[in-house]
Amino acid sequence: MKNLKVVSVNSLTRRETIVSVLLVGLMFFIFGFVSWVNSILIPYFKIACELTSFQAYLVTFAFYIAYFFMSVPSSYLLRAVGFKKGMMFGFWAMALGAFIFVPAAMSRTYEIFLAGLFTIGIGLAILQTAANPYITILGSKERAAQRISIMGICNKAAGILSPIVFAAVILRPTDTALFAGLSTMTDIERSTALDELIRRVINPYIGLGIFLFILGILVYKSPLPEIDTEHEDQNLTGINSGKTSIFQFPHLIMGALAIFLHVGTQVIAIDTIIGYAGSMGLDLLEAKVFPSYTLFCTICGYMLGIVFIPKLINQVNALRVCTVLGTIFTLLIIYVKGNISLLGHTTDISIWFVVLLGLANSLVWAGIWPVALDGLGRFTKLGASVMIMGLSGNAIMPLFYGHFADVYNVRQAYWVLVPCYLYLVFYAFSGHKIRRWL
């Protein structure tokens with residue numbers, strides 16, 4: 001990095017550390033707002049672009065597959081231009097993706113929407129590659145889960161707001177009648193109605209694009225310090241001495257797979273719940289709040305983590321508890337039936353176990369990152385990029401769910417979560433301890 005003033009994390013003052021954490025927290029809020037709006041974009045596009053369940057879940061595929069392709073290139077970008085300029089480029093890429101929604105809406109072309117989502121994902125991949133290791137090293141390793149939990153609260157709080165805000169801006173009280181009447185319209189009437197429906201995204205995404213472009217400039221000019229990650233923990237000791245490749249760290253590679261499966265379970269719990277509510281007779285205007293319920297449970301889990309880690313429970317045991325709960329709640333979704341009235345909704349009880357997956361998923365991310373990056377030394381930055389690649393699980397896992405929802409039904413499709421949670425249980429209890437391949 002030329003002409004950049006960099007600092008060691010150990011030389012940051014308390015004030016600089018607090019300011020840095022707050023600024024990164026703002027970025028995680030933006031990540032969440034842009035990411036979790038997908039939970040309502042999926043049913044919205046399914047109606048407006050006349051899609052199958054599998055096609056609708058290409059929203060998450062296009063958005064998150066960018067992480068797979070951009071994570072490692074992002075680490076080289078950050079090394080070349082620095083954290084702050086790299087983050088600015090990330091926000092600008094997201095702005096470009098938002099602007100792509102305009103021609104997509106004008107032509108009601110789903111593929112162009114997917115291109116816009118992929119471009120937003122590229123920007124987020126750059127930002128996540130910078131922000132996650134950044135927040136991990138800004139303080140003691142033992143409290144990394146606490147800091148990540150705080151970032152998670154910022155992320156999920158935005159996720160609670162984003163579908164509600166999107167619905168308030170895009171949807172209208174008369175849309176229930178519109179959706180019900182689409183099947184009885186002529187082809188021309190239906191095409192005209194759907195064109196009007198999809199073009200409602202134009203102004204909001206133009207505004208979002210302008211906001212993200214300006215935010216990129218503000219982050220670049222902010223007091224956020226450049227962090228010297230090139231010279232932190234360069235040496236490998238003990239069992240890790242003599243290792244020459246990132247693939248010689250089993251706990252990292254298995255940790256990346258754990259991240260892949262974890263984010264897949266998380267996005268399924270949030271992005272499928274509106275469709276699952278719809279299978280119980282709830283219309284989109286009522287079902288729109290269910291992702292917020294799930295995210296609220298996640299925030300509750302984060303708050304418990306902040307309070308109890310490491311005073312009453314260490315981050316590894318918190319990871320173990322959460323993975324076991326995820327397995328139990330998934331089986332309850334599949335097997336427990338019966339109507340219940342709660343929070344003004346009359347639904348099958350199983351949907352509330354989907355909501356509770358938010359609690360089970362809350363501390364999994366925060367638990368995996370510290371143990372997966374433990375002892376990597378000079379491989380830490382590349383290891384973080386490999387971990388970010390695991391976010392492509394958000395792209396792949398919902399497609400499996402969508403396929404099984406089409407073939408069987410939306411309830412039985414939750415079986416895809418069972419092997420995911422079983423692997424996470426394995427990693428939490430023993431996989432993260434493995435330092436040599438057999």
# chains A, B, ... in the order shown; residues from 1 in each chain; ligands from 1
>>> residues_around(residues="Phe211 (chain A)", least_positions_apart="2", cutoff="12 Å", atoms="only C-alpha atoms", output="list in words")
Ile30, Val34, Phe91, Trp92, Met94, Ala95, Leu96, Ala98, Phe99, Pro204, Tyr205, Ile206, Gly207, Leu208, Gly209, Phe213, Ile214, Leu215, Gly216, Ile217 and Leu218 of chain A
>>> write_last_selection(atoms="C-alpha atoms", output="PDB file, in the first residue's frame")
ATOM      1  CA  ILE A  30     -25.893  -1.076   5.926  1.00  0.00           C
ATOM      2  CA  VAL A  34     -29.320  -4.250   1.851  1.00  0.00           C
ATOM      3  CA  PHE A  91     -19.944   0.973  -1.575  1.00  0.00           C
ATOM      4  CA  TRP A  92     -19.654   2.234  -5.146  1.00  0.00           C
ATOM      5  CA  MET A  94     -23.283  -1.603  -4.381  1.00  0.00           C
ATOM      6  CA  ALA A  95     -24.499   1.760  -5.744  1.00  0.00           C
ATOM      7  CA  LEU A  96     -23.991   0.520  -9.309  1.00  0.00           C
ATOM      8  CA  ALA A  98     -28.850  -0.465  -7.165  1.00  0.00           C
ATOM      9  CA  PHE A  99     -28.867   1.647 -10.336  1.00  0.00           C
ATOM     10  CA  PRO A 204     -36.305   3.632  -3.954  1.00  0.00           C
ATOM     11  CA  TYR A 205     -33.297   2.027  -5.649  1.00  0.00           C
ATOM     12  CA  ILE A 206     -32.224   5.278  -7.290  1.00  0.00           C
ATOM     13  CA  GLY A 207     -32.263   6.814  -3.815  1.00  0.00           C
ATOM     14  CA  LEU A 208     -30.373   3.840  -2.384  1.00  0.00           C
ATOM     15  CA  GLY A 209     -27.734   4.066  -5.109  1.00  0.00           C
ATOM     16  CA  PHE A 213     -22.220   6.351  -3.500  1.00  0.00           C
ATOM     17  CA  ILE A 214     -22.058   9.259  -1.040  1.00  0.00           C
ATOM     18  CA  LEU A 215     -21.484   6.880   1.890  1.00  0.00           C
ATOM     19  CA  GLY A 216     -18.439   5.438   0.132  1.00  0.00           C
ATOM     20  CA  ILE A 217     -16.886   8.896  -0.054  1.00  0.00           C
ATOM     21  CA  LEU A 218     -17.707   9.610   3.599  1.00  0.00           C
TER      22      LEU A 218
END
>>> residues_around(residues="Thr330 (chain A)", least_positions_apart="5", cutoff="9 Å", atoms="only C-alpha atoms", output="list in words")
Leu325, Tyr335, Phe353, Val354, Leu357, Tyr414, Trp415, Leu417, Val418 and Tyr421 of chain A
>>> residues_around(residues="region 160-165 of chain A", least_positions_apart="4", cutoff="12 Å", atoms="only C-alpha atoms", output="CSV table (one decimal) with C-alpha atoms, in the first residue's frame")
chain,number,residue,atom,x,y,z
A,29,PHE,CA,-26.1,-1.9,9.6
A,30,ILE,CA,-25.9,-1.1,5.9
A,31,PHE,CA,-24.9,-4.7,5.1
A,32,GLY,CA,-28.0,-5.9,6.9
A,33,PHE,CA,-30.4,-3.4,5.4
A,34,VAL,CA,-29.3,-4.2,1.9
A,35,SER,CA,-29.0,-8.0,2.4
A,36,TRP,CA,-32.2,-8.8,4.4
A,37,VAL,CA,-34.5,-7.0,2.0
A,38,ASN,CA,-34.1,-10.1,-0.1
A,39,SER,CA,-36.6,-11.8,2.2
A,40,ILE,CA,-39.4,-9.7,0.7
A,41,LEU,CA,-37.8,-9.3,-2.8
A,42,ILE,CA,-38.2,-13.1,-3.3
A,43,PRO,CA,-42.0,-13.2,-3.0
A,44,TYR,CA,-42.3,-9.8,-4.7
A,153,ILE,CA,-27.1,-6.6,16.4
A,154,CYS,CA,-26.4,-3.8,14.0
A,155,ASN,CA,-26.8,-6.1,11.0
A,156,LYS,CA,-30.0,-7.8,12.2
A,169,VAL,CA,-42.6,2.0,0.2
A,170,ILE,CA,-43.5,-0.6,-2.5
A,171,LEU,CA,-46.7,-2.3,-1.4
A,204,PRO,CA,-36.3,3.6,-4.0
A,270,ILE,CA,-35.4,-15.7,7.1
A,271,ASP,CA,-35.9,-15.7,3.3
A,274,ILE,CA,-42.9,-15.4,4.1
A,284,LEU,CA,-48.0,-10.9,1.7
A,285,LEU,CA,-49.0,-7.8,3.6
A,286,GLU,CA,-49.4,-9.9,6.8
A,287,ALA,CA,-46.6,-12.3,6.3
A,288,LYS,CA,-44.0,-9.5,5.7
A,289,VAL,CA,-43.3,-9.2,9.4
A,290,PHE,CA,-42.2,-12.7,10.0
A,291,PRO,CA,-38.6,-12.2,8.9
A,292,SER,CA,-38.5,-9.4,11.5
A,293,TYR,CA,-39.6,-11.8,14.2
A,294,THR,CA,-36.8,-14.2,13.2
A,295,LEU,CA,-34.2,-11.4,13.2
A,296,PHE,CA,-35.5,-10.1,16.6
A,297,CYS,CA,-34.8,-13.6,18.0
A,298,THR,CA,-31.3,-13.4,16.6
A,299,ILE,CA,-30.8,-10.0,18.3
A,358,GLY,CA,-33.1,-16.9,14.7
